[in-house]
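Just entry_31.txt here, compact mmCIF, C-alpha atoms and all ligand atoms:
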# COMPACT_ATOMS: atom_id res chain seq x y z
CA PRO A 87 0.00 0.00 0.00
CA LEU A 88 0.99 3.58 -0.62
CA SER A 89 2.50 5.29 2.39
CA ARG A 90 0.76 8.59 3.08
CA ALA A 91 1.75 9.30 6.70
CA ARG A 92 3.36 12.66 6.02
CA SER A 93 0.64 13.72 3.59
CA HIS A 94 -1.84 12.91 6.37
CA HIS A 95 0.12 15.05 8.74
CA PHE A 96 0.07 18.02 6.33
CA PHE A 97 -3.59 17.52 5.51
CA ASN A 98 -4.47 17.61 9.20
CA ARG A 99 -2.61 20.89 9.50
CA GLY A 100 -4.25 22.23 6.33
CA ARG A 101 -7.72 21.29 7.54
CA LYS A 102 -7.43 23.63 10.51
CA ILE A 103 -6.69 26.68 8.39
CA PHE A 104 -8.28 26.02 4.97
CA PRO A 105 -11.94 25.25 4.28
CA SER A 106 -11.81 21.59 3.16
CA GLY A 107 -8.09 21.52 3.92
CA VAL A 108 -6.67 22.93 0.69
CA THR A 109 -6.83 26.20 -1.19
CA ARG A 110 -8.16 25.16 -4.58
CA VAL A 111 -11.06 22.86 -5.25
CA THR A 112 -9.17 21.16 -8.06
CA VAL A 113 -6.58 19.55 -5.76
CA GLU A 114 -9.13 17.90 -3.48
CA ARG A 115 -8.67 14.11 -3.51
CA GLN A 116 -10.23 11.14 -1.75
CA PRO A 117 -9.36 10.29 0.94
CA ILE A 118 -6.61 12.94 1.09
CA PRO A 119 -4.47 14.82 -1.42
CA LEU A 120 -0.82 13.85 -1.75
CA TYR A 121 1.55 16.64 -0.74
CA ILE A 122 4.37 17.09 -3.20
CA ALA A 123 7.94 17.67 -2.14
CA ARG A 124 9.48 18.23 -5.56
CA GLY A 125 9.16 17.70 -9.27
CA ASP A 126 11.75 16.40 -11.67
CA GLY A 127 11.00 16.30 -15.41
CA ALA A 128 8.11 13.91 -16.01
CA TYR A 129 7.94 12.88 -12.35
CA VAL A 130 6.90 14.24 -8.96
CA HIS A 131 8.00 13.03 -5.54
CA ASP A 132 5.59 13.28 -2.63
CA VAL A 133 6.48 14.02 0.98
CA ASP A 134 6.33 10.29 1.83
CA GLY A 135 9.00 9.44 -0.73
CA ASN A 136 6.66 8.05 -3.42
CA ARG A 137 7.46 8.86 -7.02
CA PHE A 138 4.81 9.35 -9.70
CA LEU A 139 4.71 9.95 -13.42
CA ASP A 140 2.74 13.22 -13.57
CA LEU A 141 0.02 13.26 -16.24
CA ASN A 142 -1.55 16.35 -14.71
CA ASN A 143 1.35 18.80 -15.05
CA ASN A 144 -0.53 21.36 -13.02
CA PHE A 145 -3.61 21.08 -15.18
CA THR A 146 -1.74 21.06 -18.50
CA THR A 147 0.48 24.03 -17.65
CA LEU A 148 3.93 22.43 -17.61
CA ILE A 149 4.54 21.53 -21.23
CA HIS A 150 8.20 20.75 -20.38
CA GLY A 151 7.43 18.95 -17.11
CA HIS A 152 8.98 19.96 -13.79
CA GLY A 153 12.17 21.93 -13.20
CA PHE A 154 12.83 22.62 -16.89
CA LEU A 155 16.42 23.88 -16.75
CA PRO A 156 16.31 26.73 -19.28
CA VAL A 157 13.37 28.27 -17.36
CA ALA A 158 14.95 27.62 -13.96
CA ASP A 159 18.22 29.26 -15.06
CA ALA A 160 16.55 32.28 -16.64
CA VAL A 161 14.33 32.87 -13.60
CA ALA A 162 17.19 32.36 -11.12
CA ASP A 163 19.16 34.96 -13.01
CA LEU A 164 16.24 37.38 -12.86
CA LEU A 165 15.50 36.92 -9.14
CA HIS A 166 18.62 38.84 -8.12
CA ARG A 167 17.64 41.81 -10.26
CA GLY A 168 14.10 42.39 -9.04
CA THR A 169 10.86 40.55 -9.70
CA CYS A 170 8.31 43.30 -10.29
CA PHE A 171 8.35 46.98 -11.04
CA SER A 172 5.87 49.79 -11.52
CA ASN A 173 7.29 50.17 -15.02
CA PRO A 174 7.15 48.07 -18.15
CA THR A 175 10.11 45.82 -19.08
CA GLU A 176 11.53 44.43 -22.29
CA HIS A 177 10.53 40.95 -21.15
CA GLU A 178 6.83 41.56 -21.78
CA ILE A 179 7.53 42.75 -25.33
CA ALA A 180 9.60 39.66 -26.10
CA LEU A 181 6.86 37.23 -25.02
CA ALA A 182 4.17 39.31 -26.74
CA GLU A 183 6.14 39.35 -30.00
CA LEU A 184 6.61 35.59 -29.86
CA LEU A 185 2.87 35.06 -29.40
CA GLY A 186 2.03 37.58 -32.13
CA GLU A 187 4.34 35.85 -34.59
CA ARG A 188 2.92 32.40 -33.92
CA ILE A 189 -0.78 32.77 -33.18
CA PRO A 190 -2.74 34.03 -36.19
CA ALA A 191 -5.50 35.53 -34.00
CA ILE A 192 -3.06 37.75 -32.10
CA GLU A 193 -2.43 41.15 -33.69
CA GLN A 194 -2.20 42.81 -30.29
CA VAL A 195 -2.08 41.40 -26.79
CA ARG A 196 -2.32 42.33 -23.07
CA PHE A 197 -1.06 40.25 -20.15
CA VAL A 198 -2.82 39.29 -16.90
CA ASN A 199 -2.17 36.66 -14.22
CA SER A 200 -4.55 33.78 -14.83
CA GLY A 201 -6.82 32.15 -17.36
CA THR A 202 -9.83 33.32 -15.39
CA GLU A 203 -8.68 36.91 -15.77
CA ALA A 204 -7.87 36.43 -19.46
CA VAL A 205 -11.39 35.13 -20.18
CA MET A 206 -12.90 37.89 -18.04
CA PHE A 207 -11.08 40.65 -19.93
CA ALA A 208 -11.83 39.00 -23.27
CA ILE A 209 -15.53 39.06 -22.41
CA LYS A 210 -15.30 42.66 -21.22
CA ALA A 211 -13.42 43.62 -24.40
CA ALA A 212 -16.11 42.02 -26.56
CA ARG A 213 -18.72 43.99 -24.64
CA ALA A 214 -16.83 47.27 -24.81
CA PHE A 215 -16.29 46.83 -28.56
CA THR A 216 -19.88 45.88 -29.43
CA GLY A 217 -21.74 47.81 -26.73
CA ARG A 218 -23.71 44.62 -26.00
CA ALA A 219 -23.93 42.62 -22.76
CA GLY A 220 -24.87 39.06 -23.82
CA ILE A 221 -22.56 36.07 -23.99
CA ILE A 222 -23.12 32.72 -25.71
CA ARG A 223 -21.26 29.73 -24.32
CA VAL A 224 -21.09 25.98 -24.69
CA GLU A 225 -22.75 23.65 -22.23
CA GLY A 226 -20.37 22.04 -19.74
CA ALA A 227 -17.23 23.87 -20.89
CA TYR A 228 -15.01 25.38 -18.21
CA HIS A 229 -13.78 28.94 -18.65
CA GLY A 230 -12.63 29.97 -15.18
CA ALA A 231 -14.50 31.79 -12.43
CA TYR A 232 -15.81 35.07 -13.92
CA ASP A 233 -19.56 35.06 -13.26
CA TRP A 234 -20.52 35.28 -16.95
CA ALA A 235 -18.04 32.57 -17.88
CA GLU A 236 -19.40 30.27 -15.19
CA ALA A 237 -23.14 30.73 -15.63
CA GLY A 238 -24.73 27.99 -17.66
CA GLN A 239 -22.31 25.35 -16.46
CA SER A 240 -24.97 22.76 -16.02
CA GLY A 241 -24.68 20.70 -12.87
CA SER A 242 -27.20 17.98 -12.24
CA PRO A 243 -29.12 16.61 -15.27
CA ALA A 244 -32.37 17.80 -13.66
CA LEU A 245 -31.29 21.37 -14.42
CA TRP A 246 -30.16 20.83 -18.00
CA GLY A 247 -33.33 21.63 -19.94
CA GLU A 248 -33.82 20.52 -23.53
CA ALA A 249 -30.71 19.76 -25.58
CA SER A 250 -31.78 22.29 -28.23
CA ARG A 251 -32.01 25.03 -25.57
CA PRO A 252 -29.88 24.17 -22.56
CA ALA A 253 -30.83 26.10 -19.44
CA SER A 254 -28.65 28.99 -18.29
CA VAL A 255 -28.08 28.24 -14.64
CA ALA A 256 -26.25 30.53 -12.19
CA ALA A 257 -23.11 28.82 -10.97
CA TYR A 258 -23.58 29.41 -7.26
CA ARG A 259 -26.23 30.48 -4.78
CA GLY A 260 -26.66 34.23 -4.62
CA THR A 261 -25.52 34.94 -8.19
CA PRO A 262 -27.44 37.99 -9.45
CA PRO A 263 -30.24 36.62 -11.67
CA SER A 264 -29.24 39.04 -14.42
CA VAL A 265 -26.01 37.05 -14.94
CA ALA A 266 -27.88 33.98 -16.12
CA GLU A 267 -30.16 36.18 -18.25
CA ASP A 268 -27.13 37.54 -20.10
CA VAL A 269 -25.77 34.07 -20.84
CA THR A 270 -27.15 31.81 -23.56
CA VAL A 271 -26.03 28.20 -23.55
CA VAL A 272 -25.66 26.02 -26.64
CA CYS A 273 -24.75 22.36 -27.05
CA PHE A 274 -21.30 21.75 -28.54
CA ASN A 275 -21.36 20.38 -32.11
CA ASP A 276 -25.11 21.14 -32.52
CA VAL A 277 -25.31 23.41 -35.58
CA GLU A 278 -29.09 23.72 -35.69
CA SER A 279 -29.49 24.81 -32.08
CA LEU A 280 -26.57 27.22 -32.37
CA GLU A 281 -28.09 28.89 -35.42
CA ARG A 282 -31.53 29.10 -33.83
CA ARG A 283 -30.18 30.61 -30.62
CA MET A 284 -28.07 33.07 -32.63
CA GLU A 285 -31.25 34.22 -34.44
CA GLU A 286 -32.93 34.77 -31.07
CA VAL A 287 -30.20 36.51 -29.08
CA GLY A 288 -27.49 37.44 -31.64
CA GLY A 289 -28.55 41.09 -31.73
CA ARG A 290 -27.82 41.55 -28.04
CA THR A 291 -24.78 39.29 -27.83
CA ALA A 292 -21.23 40.64 -27.52
CA GLY A 293 -19.33 37.40 -27.95
CA ILE A 294 -19.51 33.67 -28.31
CA LEU A 295 -17.06 32.00 -25.97
CA ILE A 296 -15.64 28.87 -27.52
CA ASP A 297 -12.95 26.41 -26.47
CA PRO A 298 -12.14 24.50 -29.67
CA MET A 299 -11.85 21.24 -27.69
CA PRO A 300 -13.69 21.76 -24.41
CA SER A 301 -11.79 19.75 -21.83
CA ARG A 302 -14.08 19.72 -18.80
CA ALA A 303 -17.04 18.96 -21.07
CA GLY A 304 -15.25 15.78 -22.21
CA LEU A 305 -12.22 16.86 -24.28
CA ILE A 306 -14.55 16.72 -27.26
CA THR A 307 -13.41 16.87 -30.87
CA PRO A 308 -15.05 19.80 -32.67
CA ARG A 309 -17.01 19.14 -35.84
CA THR A 310 -15.81 21.31 -38.70
CA ASP A 311 -19.37 22.18 -39.71
CA PHE A 312 -20.06 23.37 -36.16
CA LEU A 313 -17.06 25.70 -36.09
CA ASP A 314 -17.88 26.93 -39.62
CA ALA A 315 -21.49 27.62 -38.65
CA LEU A 316 -20.37 29.38 -35.47
CA GLN A 317 -17.98 31.58 -37.40
CA SER A 318 -20.49 32.61 -40.04
CA ALA A 319 -23.42 33.07 -37.62
CA ALA A 320 -21.18 35.29 -35.48
CA ARG A 321 -20.24 37.38 -38.50
CA ARG A 322 -23.90 37.67 -39.58
CA HIS A 323 -24.97 38.97 -36.18
CA GLY A 324 -21.98 41.18 -35.39
CA VAL A 325 -21.01 38.85 -32.55
CA LEU A 326 -17.30 38.42 -31.76
CA VAL A 327 -15.78 34.95 -31.65
CA VAL A 328 -13.86 34.67 -28.38
CA ALA A 329 -11.65 31.58 -28.31
CA ASP A 330 -10.67 30.24 -24.90
CA GLU A 331 -7.30 28.62 -25.56
CA VAL A 332 -6.13 28.76 -21.97
CA LEU A 333 -5.72 24.98 -22.10
CA ASN A 334 -5.70 24.11 -25.78
CA LEU A 335 -3.05 26.50 -27.01
CA ARG A 336 -0.74 23.53 -26.35
CA GLN A 337 -2.32 21.69 -29.28
CA SER A 338 -0.01 23.22 -31.86
CA TYR A 339 2.65 25.79 -32.68
CA ARG A 340 -0.14 28.14 -33.80
CA GLY A 341 -2.66 27.08 -31.17
CA ALA A 342 -5.95 25.23 -31.33
CA SER A 343 -8.13 27.65 -33.32
CA ALA A 344 -5.62 27.59 -36.16
CA ARG A 345 -5.52 23.81 -35.96
CA TYR A 346 -9.30 23.48 -36.31
CA GLY A 347 -9.88 26.29 -38.82
CA LEU A 348 -11.43 28.82 -36.46
CA ALA A 349 -10.49 32.50 -36.86
CA PRO A 350 -11.41 34.16 -33.55
CA ASP A 351 -11.62 37.92 -33.05
CA LEU A 352 -10.32 37.56 -29.50
CA ILE A 353 -8.34 34.82 -27.83
CA ALA A 354 -7.68 34.07 -24.16
CA CYS A 355 -4.44 32.29 -23.30
CA GLY A 356 -2.79 31.10 -20.10
CA LYS A 357 -1.06 28.03 -18.70
CA ILE A 358 1.87 27.10 -21.01
CA ILE A 359 2.72 30.70 -21.93
CA GLY A 360 3.87 31.36 -18.34
CA GLY A 361 6.49 28.59 -18.25
CA GLY A 362 5.16 27.38 -14.87
CA PHE A 363 4.39 30.81 -13.41
CA PRO A 364 1.01 32.57 -13.13
CA VAL A 365 -0.10 34.09 -16.42
CA GLY A 366 -2.93 34.98 -18.72
CA ALA A 367 -3.17 36.87 -22.00
CA ILE A 368 -5.92 38.48 -24.04
CA GLY A 369 -5.08 38.78 -27.71
CA GLY A 370 -6.97 39.64 -30.84
CA ARG A 371 -7.72 41.88 -33.77
CA ALA A 372 -6.05 45.26 -33.43
CA ASP A 373 -9.34 47.17 -33.82
CA VAL A 374 -11.00 45.11 -31.07
CA MET A 375 -7.94 45.31 -28.81
CA SER A 376 -8.07 49.10 -29.17
CA VAL A 377 -10.70 49.07 -26.40
CA PHE A 378 -7.65 48.85 -24.10
CA ALA A 379 -5.94 51.85 -25.75
CA ASN A 380 -5.92 55.43 -24.52
CA ASP A 381 -5.53 57.11 -27.93
CA LYS A 382 -8.78 58.99 -27.48
CA GLY A 383 -8.43 59.69 -23.76
CA ARG A 384 -9.54 57.16 -21.18
CA PRO A 385 -9.66 53.63 -22.65
CA LEU A 386 -13.10 52.11 -23.20
CA LEU A 387 -11.80 49.28 -21.03
CA PRO A 388 -8.99 50.07 -18.60
CA GLN A 389 -6.99 46.96 -17.69
CA GLY A 390 -4.28 46.83 -15.05
CA GLY A 391 -3.29 44.32 -12.40
CA THR A 392 -0.45 44.65 -9.87
CA PHE A 393 1.34 41.58 -11.18
CA SER A 394 0.24 41.74 -14.82
CA ALA A 395 3.25 41.20 -17.10
CA ASN A 396 5.53 40.61 -14.11
CA PRO A 397 9.05 39.86 -15.38
CA VAL A 398 9.22 36.39 -13.82
CA SER A 399 6.19 35.07 -15.72
CA MET A 400 7.24 36.91 -18.88
CA VAL A 401 10.79 35.49 -18.90
CA ALA A 402 9.73 31.98 -17.88
CA GLY A 403 7.00 32.03 -20.51
CA ARG A 404 9.27 33.23 -23.28
CA VAL A 405 11.96 30.65 -22.52
CA ALA A 406 9.42 27.81 -22.28
CA MET A 407 7.71 28.87 -25.51
CA GLU A 408 10.98 29.32 -27.41
CA ALA A 409 11.81 25.72 -26.55
CA MET A 410 8.44 24.73 -28.02
CA THR A 411 9.65 24.80 -31.61
CA GLU A 412 7.55 23.30 -34.40
CA ALA A 413 9.67 20.15 -34.04
CA ALA A 414 8.92 20.02 -30.30
CA PHE A 415 5.18 20.26 -31.03
CA ASP A 416 5.54 17.51 -33.65
CA GLY A 417 7.33 15.32 -31.10
CA LEU A 418 4.52 15.78 -28.57
CA GLU A 419 1.95 15.07 -31.26
CA CYS A 420 3.66 11.74 -32.06
CA LEU A 421 3.89 10.77 -28.41
CA GLY A 422 0.22 11.65 -27.92
CA GLU A 423 -0.70 9.55 -30.97
CA GLN A 424 1.30 6.65 -29.54
CA VAL A 425 -0.56 6.86 -26.22
CA ARG A 426 -4.03 7.29 -27.73
CA SER A 427 -3.62 4.50 -30.26
CA GLY A 428 -2.12 2.24 -27.56
CA LEU A 429 -5.14 2.91 -25.34
CA HIS A 430 -7.52 2.25 -28.25
CA ASP A 431 -5.80 -1.07 -29.00
CA ALA A 432 -5.99 -2.10 -25.35
CA ILE A 433 -9.74 -1.35 -25.33
CA ASP A 434 -10.26 -3.38 -28.53
CA ARG A 435 -8.23 -6.32 -27.23
CA ALA A 436 -10.18 -6.38 -23.96
CA GLY A 437 -13.53 -5.72 -25.64
CA ALA A 438 -14.05 -3.11 -22.93
CA SER A 439 -16.64 -0.30 -22.82
CA PHE A 440 -14.15 2.55 -22.84
CA SER A 441 -13.24 5.26 -25.30
CA VAL A 442 -10.47 7.80 -25.66
CA SER A 443 -10.65 11.42 -26.77
CA GLY A 444 -8.07 14.14 -27.23
CA ALA A 445 -5.44 15.39 -29.65
CA ALA A 446 -1.79 16.45 -29.67
CA SER A 447 -0.44 16.06 -26.11
CA LEU A 448 -3.88 15.62 -24.51
CA PHE A 449 -6.00 12.58 -23.81
CA ARG A 450 -8.96 11.56 -21.73
CA ILE A 451 -10.30 8.08 -21.04
CA HIS A 452 -14.09 7.74 -20.85
CA PRO A 453 -16.03 4.83 -19.34
CA LYS A 454 -18.28 5.01 -22.44
CA LYS A 455 -18.31 2.85 -25.55
CA GLU A 456 -18.39 5.92 -27.80
CA ALA A 457 -16.25 9.00 -27.25
CA PRO A 458 -18.62 11.87 -26.36
CA SER A 459 -19.69 14.39 -28.99
CA ASP A 460 -21.07 16.89 -26.47
CA TYR A 461 -21.34 17.44 -22.73
CA ARG A 462 -24.48 15.34 -22.38
CA SER A 463 -23.16 12.26 -24.13
CA GLY A 464 -19.97 12.48 -22.06
CA TYR A 465 -21.70 13.06 -18.74
CA ALA A 466 -20.68 10.32 -16.33
CA THR A 467 -23.36 8.54 -14.31
CA PRO A 468 -22.54 7.88 -10.64
CA VAL A 469 -21.55 4.31 -11.55
CA GLU A 470 -19.30 5.55 -14.36
CA ASN A 471 -17.76 8.04 -11.95
CA ASP A 472 -16.89 5.15 -9.64
CA VAL A 473 -15.17 3.42 -12.56
CA THR A 474 -13.16 6.55 -13.33
CA SER A 475 -12.14 6.78 -9.67
CA ALA A 476 -11.11 3.12 -9.70
CA LEU A 477 -9.09 3.81 -12.84
CA SER A 478 -7.24 6.76 -11.27
CA ASP A 479 -6.66 4.70 -8.15
CA HIS A 480 -5.22 1.85 -10.22
CA PHE A 481 -2.81 4.28 -11.86
CA LEU A 482 -1.92 5.91 -8.53
CA HIS A 483 -0.93 2.58 -6.97
CA ARG A 484 1.27 1.90 -9.98
CA GLY A 485 3.03 5.23 -9.73
CA ILE A 486 1.10 7.36 -12.23
CA LEU A 487 -1.00 10.45 -11.49
CA LEU A 488 -3.93 10.26 -13.92
CA PRO A 489 -6.30 13.24 -13.59
CA ASN A 490 -9.75 12.10 -12.62
CA GLY A 491 -12.34 13.56 -15.00
CA ALA A 492 -9.91 16.06 -16.49
CA ALA A 493 -7.56 16.04 -19.44
CA ALA A 494 -4.34 14.08 -18.98
CA CYS A 495 -1.35 15.56 -20.74
CA LEU A 496 2.14 14.72 -21.86
CA SER A 497 5.23 16.89 -21.66
CA THR A 498 8.47 17.16 -23.59
CA ALA A 499 10.11 15.48 -20.58
CA MET A 500 8.34 12.22 -21.51
CA THR A 501 9.51 9.55 -23.93
CA ALA A 502 8.24 6.33 -25.47
CA TYR A 503 9.10 4.68 -22.14
CA GLU A 504 6.44 6.74 -20.32
CA ALA A 505 3.96 6.27 -23.18
CA ASP A 506 4.37 2.49 -22.92
CA ALA A 507 3.94 2.64 -19.13
CA ILE A 508 0.64 4.53 -19.51
CA VAL A 509 -0.70 2.02 -22.03
CA ALA A 510 0.49 -1.02 -20.04
CA THR A 511 -1.08 0.31 -16.83
CA PHE A 512 -4.39 0.88 -18.60
CA SER A 513 -4.25 -2.56 -20.20
CA ASP A 514 -3.69 -4.04 -16.78
CA PHE A 515 -6.69 -2.11 -15.40
CA LEU A 516 -8.88 -3.54 -18.15
CA SER A 517 -8.12 -7.05 -16.88
CA THR A 518 -9.54 -6.21 -13.42
CA PRO A 519 -13.22 -6.73 -12.50
CA ALA A 520 -13.62 -3.01 -11.76
CA ALA A 521 -13.21 -2.29 -15.47
CA HIS A 522 -16.24 -4.39 -16.43
CA GLU A 523 -18.65 -4.22 -13.53
CA PHE A 524 -20.51 -1.22 -14.93
CA GLU A 525 -21.08 -2.56 -18.45
N1 LIG B 1 -10.30 28.36 -19.41
C1 LIG B 1 -9.94 27.08 -19.58
C2 LIG B 1 -10.31 26.37 -20.85
C3 LIG B 1 -9.25 26.41 -18.57
O1 LIG B 1 -8.91 25.12 -18.73
C4 LIG B 1 -8.91 27.10 -17.38
C5 LIG B 1 -8.14 26.44 -16.25
N2 LIG B 1 -8.26 25.08 -16.15
C6 LIG B 1 -9.30 28.45 -17.27
C7 LIG B 1 -9.99 29.04 -18.29
C8 LIG B 1 -8.98 29.24 -16.03
O2 LIG B 1 -7.62 29.44 -15.92
P1 LIG B 1 -6.93 29.73 -14.51
O3 LIG B 1 -7.08 28.49 -13.69
O4 LIG B 1 -5.51 30.07 -14.83
O5 LIG B 1 -7.66 30.89 -13.91
Would you kindly transcribe this structure into C-alpha cells?
Amino acid sequence: PLSRARSHHFFNRGRKIFPSGVTRVTVERQPIPLYIARGDGAYVHDVDGNRFLDLNNNFTTLIHGHGFLPVADAVADLLHRGTCFSNPTEHEIALAELLGERIPAIEQVRFVNSGTEAVMFAIKAARAFTGRAGIIRVEGAYHGAYDWAEAGQSGSPALWGEASRPASVAAYRGTPPSVAEDVTVVCFNDVESLERRMEEVGGRTAGILIDPMPSRAGLITPRTDFLDALQSAARRHGVLVVADEVLNLRQSYRGASARYGLAPDLIACGKIIGGGFPVGAIGGRADVMSVFANDKGRPLLPQGGTFSANPVSMVAGRVAMEAMTEAAFDGLECLGEQVRSGLHDAIDRAGASFSVSGAASLFRIHPKKEAPSDYRSGYATPVENDVTSALSDHFLHRGILLPNGAAACLSTAMTAYEADAIVATFSDFLSTPAAHEFE
C-alpha cells in the first residue's frame, strides 16, 4: 500500500486553516491529497518518498514537465535583479512578439495573471467593442470563475433543460439573476441549435465564448461544420468569436483555433505561456484590442493588475515557448498519438466499454463505448464516476498520477518509455473486475 503518513500530517494541519483543507477545489482528492515535495522532469516526488509519473502537469500548464532547466536558469538569473516593477520591461515585449508571430488571431495582446482573468477581460473587451452585454457559451465547458463565464455550467441533469435550448443556470447560490439572463447556452457540435439561438439573441450578444476542444465537457473533438457555422453566424450577427485557448493552445505551434480552422476575433491564453508561473493573455484583432488603448483619452476598457506582465512570468513564458519549436510540437503530437492508439488497441483487445478522446499532447479516457460528442453524451453517471475513480486509483498505486475527470497531458520530458507505461497500466486495469462491472 501507498505510504501517506506525512501527507496525512500536512492535511491535518491544512484542515485547521483552509476550508476543506486545501486552497483550490481542483486539488481535493479522496481520501486525502498527496503533498508534493518536488518535481523532476516527467515525475513528482511526494512528501512520503513516493514517485509518480505526472500526467496532470498542473492542469496542462507544464509543457516541459517539472524543473525545466532553461526556465529555472533564466528565472534564477532574474530573481537577483528584481521581480516586479511599476514600469514596463523588455521581457513583456519579447513574449508578446513571440505570441504575435505564432498565433494568427493575435495582432495585439495584453497580459494578466490567470486564465480566469484572461477570459474575463476578453468578455469585457467584446462587450466594450460591441456595446452589448450578452454572452453565448457551450454547455459544460469550463472557462474559469468570472460570473458570466461560469453561468450555464450545467450541474445535475435535472437542471439541464432541452438539448436544443440548454438552461442557463447561475453557478452558485446568490448569483445575481441578471447574470444567467445575459448568458445563452448552446450544445457543442449542434449546428441547428446554435443557429436558432443566434437568431434569437445574436442582436444583443457581444461574444460567443468557444474552447475549440472543451476539456471539462469531455475533451470533445469539434465538428468542422459546427465551427464553420459558429464563425459565419457570429459574423452575420456582429457577434465576436472569443476563443478560450487557456488549455488548448498547447495543441499546436499556432494554437488550437488555427488547428481546427477557427479564426477568432479575440483569444484568451494562459497556462503554457507562463512557463510554470502565473499568467494569462488576451489577444486579438487590433481594432478590437483598441478598447484597451488610450488614444482617445480614457480607454473604453482600462486593464491593469499589480502583477500583470511581471518579469518572472514573462521570462519563464518566453523561454518555455521558445523551446516549443515546431519540431517540439511535432514530437509531442507523435507521443500523444502513440498513447491514444495504444489505449484504443488495449480497449479493442479487452472488448471493454471505454473510449479515448483528445489530440496532440492531450487525452482523456471515458467509461463510455463511444467518445462523447457533447457534454451530455460524455456526462458520467454515478456508476461511471466510480469506474473513473477506480481507474485513477489503479494508476496511482502503480506510480502514475492520472487526472480524474480532467484532461491528462504529456510533456516534452516524456519519452516512449512513459507512453508504454501509460498504455500497459491501462491494459492491466482492463483485466480487473472493476473495469467491467458497470457494463
Ligand atoms: N479556461 C480554460 C479552458 C481552462 O482550462 C482554465 C483552467 N483550467 C481556465 C480558463 C482558467 O484558468 P486559470 O485556472 O488560470 O484561472
Counting only C-alpha atoms, which residue out of A:Ala510, A:Ile209, A:Leu348, A:Ala266 sits closest to Thr310 in chain A?
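When distances to Thr310 in chain A are compared using only C-alpha atoms, the smallest one comes from A:Leu348.
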Each residue of chain A with at least one atom at most 9 Å from ligand LIG 1 (chain B) should appear once, together with its nearest atom pair and the corresponding distance in Å (one decimal); atoms considered: all atoms listed in the file; ordering: chain, then increasing residue number; output as JSON lines.
{"residue": "A:Phe145", "atom": "CA", "partner": "B:LIG1", "partner_atom": "N2", "distance": 6.2}
{"residue": "A:Thr146", "atom": "CA", "partner": "B:LIG1", "partner_atom": "N2", "distance": 8.0}
{"residue": "A:Thr147", "atom": "CA", "partner": "B:LIG1", "partner_atom": "N2", "distance": 8.9}
{"residue": "A:Asn199", "atom": "CA", "partner": "B:LIG1", "partner_atom": "O4", "distance": 7.4}
{"residue": "A:Ser200", "atom": "CA", "partner": "B:LIG1", "partner_atom": "O4", "distance": 3.8}
{"residue": "A:Gly201", "atom": "CA", "partner": "B:LIG1", "partner_atom": "O2", "distance": 3.2}
{"residue": "A:Thr202", "atom": "CA", "partner": "B:LIG1", "partner_atom": "O5", "distance": 3.6}
{"residue": "A:Glu203", "atom": "CA", "partner": "B:LIG1", "partner_atom": "O5", "distance": 6.4}
{"residue": "A:Ala204", "atom": "CA", "partner": "B:LIG1", "partner_atom": "C7", "distance": 7.8}
{"residue": "A:Val205", "atom": "CA", "partner": "B:LIG1", "partner_atom": "C7", "distance": 6.5}
{"residue": "A:Ala227", "atom": "CA", "partner": "B:LIG1", "partner_atom": "C2", "distance": 7.4}
{"residue": "A:Tyr228", "atom": "CA", "partner": "B:LIG1", "partner_atom": "C2", "distance": 5.5}
{"residue": "A:His229", "atom": "CA", "partner": "B:LIG1", "partner_atom": "N1", "distance": 3.6}
{"residue": "A:Gly230", "atom": "CA", "partner": "B:LIG1", "partner_atom": "C8", "distance": 3.8}
{"residue": "A:Ala231", "atom": "CA", "partner": "B:LIG1", "partner_atom": "O5", "distance": 7.1}
{"residue": "A:Ala235", "atom": "CA", "partner": "B:LIG1", "partner_atom": "C7", "distance": 8.8}
{"residue": "A:Ile296", "atom": "CA", "partner": "B:LIG1", "partner_atom": "C2", "distance": 8.9}
{"residue": "A:Asp297", "atom": "CA", "partner": "B:LIG1", "partner_atom": "C2", "distance": 6.2}
{"residue": "A:Met299", "atom": "CA", "partner": "B:LIG1", "partner_atom": "C2", "distance": 8.7}
{"residue": "A:Pro300", "atom": "CA", "partner": "B:LIG1", "partner_atom": "C2", "distance": 6.7}
{"residue": "A:Ser301", "atom": "CA", "partner": "B:LIG1", "partner_atom": "O1", "distance": 6.8}
{"residue": "A:Arg302", "atom": "CA", "partner": "B:LIG1", "partner_atom": "O1", "distance": 7.5}
{"residue": "A:Asp330", "atom": "CA", "partner": "B:LIG1", "partner_atom": "C2", "distance": 5.6}
{"residue": "A:Glu331", "atom": "CA", "partner": "B:LIG1", "partner_atom": "C2", "distance": 6.0}
{"residue": "A:Val332", "atom": "CA", "partner": "B:LIG1", "partner_atom": "C1", "distance": 4.8}
{"residue": "A:Leu333", "atom": "CA", "partner": "B:LIG1", "partner_atom": "O1", "distance": 4.6}
{"residue": "A:Asn334", "atom": "CA", "partner": "B:LIG1", "partner_atom": "C2", "distance": 7.1}
{"residue": "A:Ala354", "atom": "CA", "partner": "B:LIG1", "partner_atom": "N1", "distance": 7.9}
{"residue": "A:Cys355", "atom": "CA", "partner": "B:LIG1", "partner_atom": "N1", "distance": 8.1}
{"residue": "A:Gly356", "atom": "CA", "partner": "B:LIG1", "partner_atom": "O4", "distance": 6.0}
{"residue": "A:Lys357", "atom": "CA", "partner": "B:LIG1", "partner_atom": "O4", "distance": 6.2}
{"residue": "A:Pro364", "atom": "CA", "partner": "B:LIG1", "partner_atom": "O4", "distance": 7.2}
{"residue": "A:Val365", "atom": "CA", "partner": "B:LIG1", "partner_atom": "O4", "distance": 6.9}
{"residue": "A:Gly366", "atom": "CA", "partner": "B:LIG1", "partner_atom": "O4", "distance": 6.8}
Could you check which of A:Ala244, A:Val325, A:Leu184, A:Leu88 is closest to Arg218 in chain A, using all atoms listed in the file?
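The shortest atom-to-atom distance to Arg218 in chain A comes from A:Val325.
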Which value, in Å to one decimal, gives the distance between CA of Val327 in chain A and CA of Leu448 in chain A?
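A separation of 23.8 Å between them.
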Min atom-atom distance to Pro119 in chain A from the set A:Arg484, A:Lys455, A:Arg92, A:His166, counting all atoms listed in the file, belongs to A:Arg92
Determine, counting only C-alpha atoms, which protein, DNA and RNA residues have an atom within 10 Å of an atom of Leu165 in chain A; residues of the same chain fewer than 4 positions away are not included. Present the result as a list in words.
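Answer for this query is Ala160, Val161, Thr169, Cys170, Pro397 and Val398 of chain A.
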Using all atoms listed in the file, find all polymer residues with an atom at most 8 Å away from the point (-13.0, 2.0, -13.2); report them as a list of chain:residue names.
A:Pro453, A:Glu470, A:Asn471, A:Asp472, A:Val473, A:Thr474, A:Ser475, A:Ala476, A:Leu477, A:Ser478, A:Phe515, A:Ala520, A:Ala521, A:His522
